[in-house]
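Engineer: The structure's right below; bear with me while I get my questions together.
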Amino acid sequence: MKRFTEAEKLQILADVIAIKSVNENEIEVANYLKELFAEYGIESKIVPVTDTRVNLVAEIGSGKPVIGVSGHMDVVSPGDESEWTSDPFTLTERDGKLYGRGTNDMKAGLINLALTMIELKENDELKKGTVRFMATTGEEVGGAGSKKLYEEGYMDDVDYLWVAEPSPSTIIYSHKGSLNLRVTSTGEAAHSSMPHFGYNAINPLMAYLLEMDEKLNGDERENDVLGKLVMSTTIFNAGNQVNSIPEKAVAEINVRTIQEFDNDEVIDLFRKTADKYNADGAKIDVEVTMSLPSVFTTGESDMVELTKKLGKKHLGLDIDVKGSPGATDASNLLRDKGDDFPFMMYGPGETKMAHKTDEYVYKDYYFAFFDIYKELILGLTK
Ligand SMILES: [Zn+2]
């Protein structure tokens with residue numbers, strides 16, 4: 001009978017936190033997990049995404065149902081490390097909390113999933129069905145890893161998907177999409193005493209952005225769960241000298257989309273509006289730098305029902321079931337699944353702690369999620 005001790009669970013989490021998987025370094029996490037799985041006879045496969053970025057896929061069991069479990073291996077930068085109370089890459093316990101970059105988002109959830117699979121395999125507890133572990137790369141930078149898994153067919157036969165992103169008290173079954181655009185306006189430089197000899201790149205871009213803002217944020221369409229689409233211009237760069245007419249202006253925009261007003265429609269609107277300005281002499285070019293569709297499921301599934309009970313049992317929490325404004329790897333993984341596909345985002349950690357200084361996960365929650373995940377898998381494969 002294999003049961004990881006609490007000390008082992010903490011050590012493995014500490015090992016993975018110590019790997020600085022901030023930028024293109026997830027391969028070390030993948031290799032660590034691959035070796036860990038191999039120790040217990042679980043074969044896993046590195047799925048390359050770019051020259052430096054990889055996913056890891058491991059599987060136990062066989063046949064139906066196929067339960068897809070997923071987490072990302074990358075973490076965001078710790079920022080100014082001197083702002084941290086303890087070293088961000090050394091798992092540190094204080095007052096029942098485990099501190100470190102990625103404890104919350106989302107290495108605790110990832111280790112919960114990995115060790116649960118190992119125990120199920122070692123103890124021969126899975127009576128039927130397959131559990132497919134999908135650890136992804138680059139979730140924080142556009143979801144390149146999950147896109148690759150979707151494209152290579154790893155989701156084709158999956159019957160349930162849960163993503164172990166931090167959300168211990170709320171099961172998320174729908175979330176907005178996320179779309180990034182870069183808009184470049186090209187003009188012609190001139191001295192500001194004679195602007196008519198040039199073309200100011202800033203002016204049409206300002207007008208364009210304000211028009212897009214009104215069109216998007218003013219749109220009345222609303223999703224019952226997720227609310228309205230929101231758009232923000234977040235970066236604007238132009239000009240380099242106060243007495244020169246700028247020849248280039250570049251803006252970046254993030255849009256949080258809903259099914260009723262989706263990424264394709266938004267992109268189309270950006271392009272068509274640019275055409276209108278260009279017909280009047282501007283030169284505005286629209287580039288899509290990231291496009292993650294929204295995820296809309298009904299949230300009605302045996303998985304969600306069972307999870308509510310398990311959350312109450314092991315965490316003592318009344319579990320809410322909601323939509324969320326934040327995007328996850330599910331945007332890619334569920335690209336061709338329907339509204340009734342059983343999906344949830346549920347994992348240890350605190351949603352509000354993601355990306356912050358002094359990020360932590362409650363130790364009790366980390367431990368409890370091993371039981372939750374195990375009972376969930378066994379409940380869905382009875
Ligand atoms: Zn995350």
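By order in the structure tokens, chains are A, B, ...; within a chain, residues start at 1; ligands start at 1, following the order shown.
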Would you name the residues within 7 Å of ligand 1, counting only C-alpha atoms and all ligand atoms, and put them as a PyMOL selection string?
Structural biologist: chain A and resi 72+105-106+139-140+165+328
Engineer: Export all heavy atoms of the chosen residues as an mmCIF file, in the first residue's frame?
Structural biologist:
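Dumped to part-v4.cif:
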```
data_model
loop_
_atom_site.group_PDB
_atom_site.id
_atom_site.type_symbol
_atom_site.label_atom_id
_atom_site.label_comp_id
_atom_site.auth_asym_id
_atom_site.auth_seq_id
_atom_site.Cartn_x
_atom_site.Cartn_y
_atom_site.Cartn_z
ATOM 1 N N HIS A 72 -0.827 23.778 -15.033
ATOM 2 C CA HIS A 72 0.324 24.318 -15.758
ATOM 3 C C HIS A 72 1.566 24.295 -14.884
ATOM 4 O O HIS A 72 1.485 24.382 -13.661
ATOM 5 C CB HIS A 72 0.040 25.711 -16.320
ATOM 6 C CG HIS A 72 -0.318 26.771 -15.300
ATOM 7 N ND1 HIS A 72 0.621 27.465 -14.596
ATOM 8 C CD2 HIS A 72 -1.522 27.252 -14.901
ATOM 9 C CE1 HIS A 72 0.018 28.345 -13.808
ATOM 10 N NE2 HIS A 72 -1.289 28.229 -13.963
ATOM 11 N N ASP A 105 -0.526 29.100 -7.478
ATOM 12 C CA ASP A 105 -0.829 29.106 -8.926
ATOM 13 C C ASP A 105 0.343 28.495 -9.690
ATOM 14 O O ASP A 105 1.207 29.208 -10.132
ATOM 15 C CB ASP A 105 -1.105 30.543 -9.362
ATOM 16 C CG ASP A 105 -1.525 30.634 -10.825
ATOM 17 O OD1 ASP A 105 -1.898 29.601 -11.403
ATOM 18 O OD2 ASP A 105 -1.465 31.741 -11.391
ATOM 19 N N MET A 106 0.350 27.156 -9.885
ATOM 20 C CA MET A 106 -0.546 26.196 -9.294
ATOM 21 C C MET A 106 0.150 24.863 -9.049
ATOM 22 O O MET A 106 -0.348 23.811 -9.373
ATOM 23 C CB MET A 106 -1.783 26.003 -10.183
ATOM 24 C CG MET A 106 -1.404 25.689 -11.642
ATOM 25 S SD MET A 106 -2.830 25.134 -12.617
ATOM 26 C CE MET A 106 -3.131 23.538 -11.859
ATOM 27 N N GLU A 139 1.137 28.470 -19.788
ATOM 28 C CA GLU A 139 -0.247 28.880 -19.560
ATOM 29 C C GLU A 139 -0.322 30.385 -19.335
ATOM 30 O O GLU A 139 -1.227 31.055 -19.811
ATOM 31 C CB GLU A 139 -0.831 28.159 -18.333
ATOM 32 C CG GLU A 139 -2.349 28.298 -18.194
ATOM 33 C CD GLU A 139 -2.811 29.513 -17.409
ATOM 34 O OE1 GLU A 139 -1.992 30.175 -16.741
ATOM 35 O OE2 GLU A 139 -4.005 29.832 -17.480
ATOM 36 N N GLU A 140 0.657 30.901 -18.606
ATOM 37 C CA GLU A 140 0.627 32.326 -18.251
ATOM 38 C C GLU A 140 0.940 33.227 -19.446
ATOM 39 O O GLU A 140 0.823 34.427 -19.369
ATOM 40 C CB GLU A 140 1.610 32.606 -17.101
ATOM 41 C CG GLU A 140 1.327 31.816 -15.819
ATOM 42 C CD GLU A 140 0.085 32.297 -15.060
ATOM 43 O OE1 GLU A 140 -0.616 33.197 -15.549
ATOM 44 O OE2 GLU A 140 -0.159 31.745 -13.974
ATOM 45 N N GLU A 165 -6.548 24.744 -11.052
ATOM 46 C CA GLU A 165 -6.189 26.133 -10.724
ATOM 47 C C GLU A 165 -6.792 26.477 -9.359
ATOM 48 O O GLU A 165 -7.801 25.898 -8.951
ATOM 49 C CB GLU A 165 -6.773 27.085 -11.784
ATOM 50 C CG GLU A 165 -6.118 27.010 -13.142
ATOM 51 C CD GLU A 165 -4.943 27.977 -13.318
ATOM 52 O OE1 GLU A 165 -4.508 28.588 -12.313
ATOM 53 O OE2 GLU A 165 -4.471 28.097 -14.463
ATOM 54 N N THR A 328 -8.304 30.052 -18.547
ATOM 55 C CA THR A 328 -7.413 28.946 -18.177
ATOM 56 C C THR A 328 -7.080 28.146 -19.444
ATOM 57 O O THR A 328 -7.587 28.438 -20.524
ATOM 58 C CB THR A 328 -8.069 27.957 -17.187
ATOM 59 O OG1 THR A 328 -9.084 27.220 -17.875
ATOM 60 C CG2 THR A 328 -8.679 28.665 -15.994
#
```
Engineer: Counting only C-alpha atoms, what is within 6 Å of region 179-195 of chain A, bar same-chain residues fewer than 2 positions away, as a CSV table (one decimal) with N, CA, C and O atoms, in the first residue's frame?
Structural biologist:
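Result went into part_12.csv, see below:
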```csv
chain,number,residue,atom,x,y,z
A,197,PHE,N,3.7,68.5,-43.5
A,197,PHE,CA,4.7,67.7,-44.4
A,197,PHE,C,4.8,66.2,-43.9
A,197,PHE,O,5.4,65.4,-44.6
A,198,GLY,N,4.2,65.9,-42.8
A,198,GLY,CA,4.2,64.5,-42.3
A,198,GLY,C,2.8,64.0,-42.1
A,198,GLY,O,1.8,64.6,-42.6
A,199,TYR,N,2.7,62.9,-41.3
A,199,TYR,CA,1.3,62.4,-41.0
A,199,TYR,C,1.5,61.9,-39.6
A,199,TYR,O,2.3,61.0,-39.3
A,200,ASN,N,0.7,62.5,-38.6
A,200,ASN,CA,0.8,62.1,-37.2
A,200,ASN,C,0.2,60.7,-37.0
A,200,ASN,O,-1.0,60.6,-37.1
A,201,ALA,N,1.0,59.8,-36.6
A,201,ALA,CA,0.5,58.4,-36.4
A,201,ALA,C,-0.4,58.3,-35.1
A,201,ALA,O,-1.2,57.4,-35.0
A,243,ASN,N,9.2,67.8,-30.4
A,243,ASN,CA,9.0,68.7,-31.6
A,243,ASN,C,9.0,67.9,-32.9
A,243,ASN,O,9.3,68.5,-33.9
A,244,SER,N,8.8,66.6,-32.8
A,244,SER,CA,8.7,65.8,-34.0
A,244,SER,C,7.3,65.2,-34.2
A,244,SER,O,6.8,64.7,-33.2
A,245,ILE,N,6.8,65.1,-35.4
A,245,ILE,CA,5.6,64.4,-35.6
A,245,ILE,C,5.9,62.9,-35.6
A,245,ILE,O,6.7,62.5,-36.4
A,246,PRO,N,5.2,62.2,-34.8
A,246,PRO,CA,5.5,60.7,-34.7
A,246,PRO,C,5.2,59.9,-35.9
A,246,PRO,O,4.1,60.1,-36.4
A,247,GLU,N,6.1,59.1,-36.3
A,247,GLU,CA,5.8,58.3,-37.5
A,247,GLU,C,5.2,56.9,-37.2
A,247,GLU,O,4.8,56.2,-38.0
A,248,LYS,N,5.1,56.6,-35.9
A,248,LYS,CA,4.6,55.3,-35.5
A,248,LYS,C,4.0,55.4,-34.1
A,248,LYS,O,4.5,56.0,-33.2
A,249,ALA,N,2.8,54.7,-34.0
A,249,ALA,CA,2.2,54.6,-32.7
A,249,ALA,C,1.7,53.2,-32.5
A,249,ALA,O,1.1,52.6,-33.5
A,250,VAL,N,1.9,52.6,-31.4
A,250,VAL,CA,1.5,51.2,-31.2
A,250,VAL,C,0.7,51.1,-29.9
A,250,VAL,O,1.1,51.6,-28.9
A,251,ALA,N,-0.4,50.4,-30.0
A,251,ALA,CA,-1.2,50.2,-28.8
A,251,ALA,C,-1.5,48.7,-28.6
A,251,ALA,O,-1.5,47.9,-29.6
A,252,GLU,N,-1.6,48.3,-27.4
A,252,GLU,CA,-2.0,46.9,-27.1
A,252,GLU,C,-3.3,46.8,-26.3
A,252,GLU,O,-3.5,47.7,-25.5
A,253,ILE,N,-4.1,45.9,-26.7
A,253,ILE,CA,-5.4,45.8,-26.1
A,253,ILE,C,-5.7,44.4,-25.6
A,253,ILE,O,-5.3,43.4,-26.3
A,254,ASN,N,-6.4,44.3,-24.5
A,254,ASN,CA,-6.8,43.0,-24.0
A,254,ASN,C,-8.4,43.0,-23.9
A,254,ASN,O,-9.0,44.0,-23.5
A,255,VAL,N,-9.0,42.0,-24.5
A,255,VAL,CA,-10.4,41.9,-24.5
A,255,VAL,C,-10.8,40.6,-23.8
A,255,VAL,O,-10.2,39.5,-24.1
A,283,LYS,N,-2.9,54.5,-41.7
A,283,LYS,CA,-2.4,53.2,-42.0
A,283,LYS,C,-2.3,52.4,-40.7
A,283,LYS,O,-1.3,52.5,-40.0
A,284,ILE,N,-3.4,51.8,-40.4
A,284,ILE,CA,-3.6,51.0,-39.2
A,284,ILE,C,-3.6,49.6,-39.5
A,284,ILE,O,-4.3,49.1,-40.3
A,285,ASP,N,-2.7,48.9,-38.7
A,285,ASP,CA,-2.6,47.4,-38.9
A,285,ASP,C,-2.9,46.7,-37.6
A,285,ASP,O,-2.4,47.1,-36.6
A,286,VAL,N,-3.7,45.7,-37.7
A,286,VAL,CA,-4.2,44.9,-36.6
A,286,VAL,C,-3.5,43.5,-36.5
A,286,VAL,O,-3.6,42.8,-37.5
A,287,GLU,N,-2.9,43.2,-35.4
A,287,GLU,CA,-2.3,41.9,-35.3
A,287,GLU,C,-2.8,41.2,-34.0
A,287,GLU,O,-2.9,41.8,-32.9
A,288,VAL,N,-3.2,40.0,-34.1
A,288,VAL,CA,-3.7,39.2,-33.0
A,288,VAL,C,-2.5,38.5,-32.3
A,288,VAL,O,-1.9,37.7,-33.0
A,289,THR,N,-2.2,38.8,-31.1
A,289,THR,CA,-1.1,38.2,-30.5
A,289,THR,C,-1.4,37.0,-29.5
A,289,THR,O,-0.6,36.2,-29.2
A,290,MET,N,-2.7,37.0,-29.1
A,290,MET,CA,-3.2,35.8,-28.4
A,290,MET,C,-4.7,35.7,-28.5
A,290,MET,O,-5.4,36.7,-28.4
A,291,SER,N,-5.2,34.5,-28.7
A,291,SER,CA,-6.6,34.4,-28.7
A,291,SER,C,-7.1,33.1,-28.0
A,291,SER,O,-6.9,32.0,-28.5
```
Engineer: Find the residues near Asn263 (chain A): any atom within 10 Å, counting only C-alpha atoms, skip ones fewer than 5 places away on the same chain, and give them as an mmCIF file with N, CA and C atoms, in the first residue's frame.
Structural biologist:
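Saved as result37.cif:
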```cif
data_model
loop_
_atom_site.group_PDB
_atom_site.id
_atom_site.type_symbol
_atom_site.label_atom_id
_atom_site.label_comp_id
_atom_site.auth_asym_id
_atom_site.auth_seq_id
_atom_site.Cartn_x
_atom_site.Cartn_y
_atom_site.Cartn_z
ATOM 1 N N GLY A 177 -13.169 34.363 -22.321
ATOM 2 C CA GLY A 177 -12.008 34.191 -23.171
ATOM 3 C C GLY A 177 -11.078 35.378 -22.990
ATOM 4 N N SER A 178 -9.898 35.272 -23.579
ATOM 5 C CA SER A 178 -8.958 36.380 -23.476
ATOM 6 C C SER A 178 -8.301 36.574 -24.835
ATOM 7 N N LEU A 179 -8.289 37.814 -25.273
ATOM 8 C CA LEU A 179 -7.813 38.135 -26.618
ATOM 9 C C LEU A 179 -6.868 39.326 -26.523
ATOM 10 N N ASN A 180 -5.664 39.177 -27.061
ATOM 11 C CA ASN A 180 -4.723 40.299 -27.093
ATOM 12 C C ASN A 180 -4.504 40.747 -28.530
ATOM 13 N N VAL A 255 -8.968 41.971 -24.468
ATOM 14 C CA VAL A 255 -10.423 41.871 -24.470
ATOM 15 C C VAL A 255 -10.799 40.570 -23.774
ATOM 16 N N ARG A 256 -11.735 40.642 -22.821
ATOM 17 C CA ARG A 256 -12.252 39.449 -22.155
ATOM 18 C C ARG A 256 -13.602 39.143 -22.787
ATOM 19 N N THR A 257 -13.643 38.056 -23.532
ATOM 20 C CA THR A 257 -14.795 37.792 -24.400
ATOM 21 C C THR A 257 -15.804 36.826 -23.797
ATOM 22 N N ILE A 258 -16.991 36.843 -24.374
ATOM 23 C CA ILE A 258 -18.054 35.906 -24.002
ATOM 24 C C ILE A 258 -18.530 35.203 -25.274
ATOM 25 N N ASP A 268 -12.754 40.613 -36.131
ATOM 26 C CA ASP A 268 -13.353 41.129 -37.360
ATOM 27 C C ASP A 268 -13.701 42.620 -37.229
ATOM 28 N N LEU A 269 -14.243 42.983 -36.078
ATOM 29 C CA LEU A 269 -14.623 44.374 -35.832
ATOM 30 C C LEU A 269 -13.385 45.277 -35.781
ATOM 31 N N SER A 291 -5.199 34.492 -28.654
ATOM 32 C CA SER A 291 -6.648 34.354 -28.744
ATOM 33 C C SER A 291 -7.109 33.081 -28.048
ATOM 34 N N LEU A 292 -7.662 33.252 -26.858
ATOM 35 C CA LEU A 292 -8.213 32.121 -26.105
ATOM 36 C C LEU A 292 -9.726 32.287 -26.038
ATOM 37 N N PRO A 293 -10.474 31.323 -26.594
ATOM 38 C CA PRO A 293 -11.926 31.469 -26.557
ATOM 39 C C PRO A 293 -12.488 31.322 -25.141
ATOM 40 N N SER A 294 -13.702 31.802 -24.951
ATOM 41 C CA SER A 294 -14.352 31.618 -23.648
ATOM 42 C C SER A 294 -14.772 30.161 -23.506
#
```
Engineer: If you run DSSP over the backbone, which residues in region 308-350 of chain A end up alpha helix (DSSP H)? Put them as a list in words.
Structural biologist: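 Taking region 308-350 of chain A and keeping alpha helix (DSSP H) gives Lys308, Lys309, Leu310, Gly311, Lys312, Lys313, His314, Leu315, Ala330, Ser331, Asn332 and Leu333 of chain A.
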Engineer: Each residue of region 77-162 of chain A lying at most 6 Å from region 44-61 of chain A should get a row with its shortest atom-to-atom pair and the distance in Å to one decimal, counting only C-alpha atoms; could you produce that, ordered by chain and increasing number, as JSON lines?
Structural biologist:
```
{"residue": "A:Gly129", "atom": "CA", "partner": "A:Gly61", "partner_atom": "CA", "distance": 5.8}
{"residue": "A:Thr130", "atom": "CA", "partner": "A:Gly61", "partner_atom": "CA", "distance": 4.4}
{"residue": "A:Val131", "atom": "CA", "partner": "A:Ile60", "partner_atom": "CA", "distance": 5.4}
{"residue": "A:Arg132", "atom": "CA", "partner": "A:Glu59", "partner_atom": "CA", "distance": 4.5}
{"residue": "A:Phe133", "atom": "CA", "partner": "A:Ala58", "partner_atom": "CA", "distance": 5.1}
{"residue": "A:Met134", "atom": "CA", "partner": "A:Val57", "partner_atom": "CA", "distance": 4.7}
{"residue": "A:Ala135", "atom": "CA", "partner": "A:Leu56", "partner_atom": "CA", "distance": 5.1}
{"residue": "A:Thr136", "atom": "CA", "partner": "A:Asn55", "partner_atom": "CA", "distance": 4.7}
{"residue": "A:Thr137", "atom": "CA", "partner": "A:Asn55", "partner_atom": "CA", "distance": 5.5}
```
Engineer: So which residues touch region 360-369 of chain A within 9 Å, counting only C-alpha atoms, skipping near sequence neighbours fewer than 3 positions away, as number ranges by chain?
Structural biologist: A: 6, 9-10, 93, 96-105, 108-109, 112-113, 166, 168, 311, 314-315, 347-350, 353-354, 372-374
Engineer: Ranking A:Pro65, A:Leu36, A:Gly227, A:Val75 by minimum distance to Lys356 (chain A) and counting only C-alpha atoms, which one comes first?
Structural biologist: A:Val75
Engineer: Write down as an MDAnalysis selection string the residues belonging to region 225-324 of chain A that are assigned strand (DSSP E or B) by DSSP computed on the backbone.
Structural biologist: chainID A and resid 227 230:238 244:245 248:258 261 284:292 295:296 320:324
Engineer: Taking C-alpha atoms for each residue, export the selection above as an mmCIF file, in the first residue's frame.
Structural biologist:
```
data_model
loop_
_atom_site.group_PDB
_atom_site.id
_atom_site.type_symbol
_atom_site.label_atom_id
_atom_site.label_comp_id
_atom_site.auth_asym_id
_atom_site.auth_seq_id
_atom_site.Cartn_x
_atom_site.Cartn_y
_atom_site.Cartn_z
ATOM 1 C CA GLY A 227 -21.801 39.128 -17.822
ATOM 2 C CA VAL A 230 -14.800 43.959 -21.383
ATOM 3 C CA MET A 231 -12.043 45.639 -23.352
ATOM 4 C CA SER A 232 -9.077 47.655 -22.113
ATOM 5 C CA THR A 233 -6.310 49.431 -23.969
ATOM 6 C CA THR A 234 -3.372 48.608 -21.731
ATOM 7 C CA ILE A 235 -0.256 49.796 -23.590
ATOM 8 C CA PHE A 236 0.281 52.864 -25.771
ATOM 9 C CA ASN A 237 3.670 53.824 -27.188
ATOM 10 C CA ALA A 238 4.433 56.607 -29.615
ATOM 11 C CA SER A 244 8.693 65.804 -34.027
ATOM 12 C CA ILE A 245 5.560 64.429 -35.634
ATOM 13 C CA LYS A 248 4.625 55.299 -35.486
ATOM 14 C CA ALA A 249 2.169 54.621 -32.674
ATOM 15 C CA VAL A 250 1.505 51.203 -31.196
ATOM 16 C CA ALA A 251 -1.228 50.181 -28.796
ATOM 17 C CA GLU A 252 -1.985 46.859 -27.141
ATOM 18 C CA ILE A 253 -5.435 45.825 -26.132
ATOM 19 C CA ASN A 254 -6.838 43.014 -23.992
ATOM 20 C CA VAL A 255 -10.423 41.871 -24.470
ATOM 21 C CA ARG A 256 -12.252 39.449 -22.155
ATOM 22 C CA THR A 257 -14.795 37.792 -24.400
ATOM 23 C CA ILE A 258 -18.054 35.906 -24.002
ATOM 24 C CA PHE A 261 -19.585 38.282 -28.573
ATOM 25 C CA ILE A 284 -3.564 51.047 -39.154
ATOM 26 C CA ASP A 285 -2.553 47.439 -38.935
ATOM 27 C CA VAL A 286 -4.159 44.928 -36.563
ATOM 28 C CA GLU A 287 -2.278 41.906 -35.261
ATOM 29 C CA VAL A 288 -3.729 39.206 -32.993
ATOM 30 C CA THR A 289 -1.073 38.192 -30.452
ATOM 31 C CA MET A 290 -3.183 35.796 -28.356
ATOM 32 C CA SER A 291 -6.648 34.354 -28.744
ATOM 33 C CA LEU A 292 -8.213 32.121 -26.105
ATOM 34 C CA VAL A 295 -15.447 28.399 -21.997
ATOM 35 C CA PHE A 296 -19.140 27.921 -21.505
ATOM 36 C CA ASP A 320 -20.162 27.788 -4.685
ATOM 37 C CA VAL A 321 -20.557 27.035 -8.385
ATOM 38 C CA LYS A 322 -19.840 30.039 -10.624
ATOM 39 C CA GLY A 323 -18.385 31.594 -13.763
ATOM 40 C CA SER A 324 -15.095 33.491 -13.737
#
```
Engineer: Using only C-alpha atoms, can you tell me which of A:Val225, A:Met117, A:Ile42, A:Leu317 comes closest to Val69 (chain A)?
Structural biologist: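 Ranking A:Val225, A:Met117, A:Ile42, A:Leu317 by distance to Val69 (chain A), first place goes to A:Met117.
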Engineer: Which neighbours of Val163 (chain A) fall inside 8 Å, counting only C-alpha atoms, when residues of the same chain fewer than 2 positions from it are skipped, and could you give them as an MDAnalysis selection string?
Structural biologist: chainID A and resid 69:71 161 165 329:330 344:347
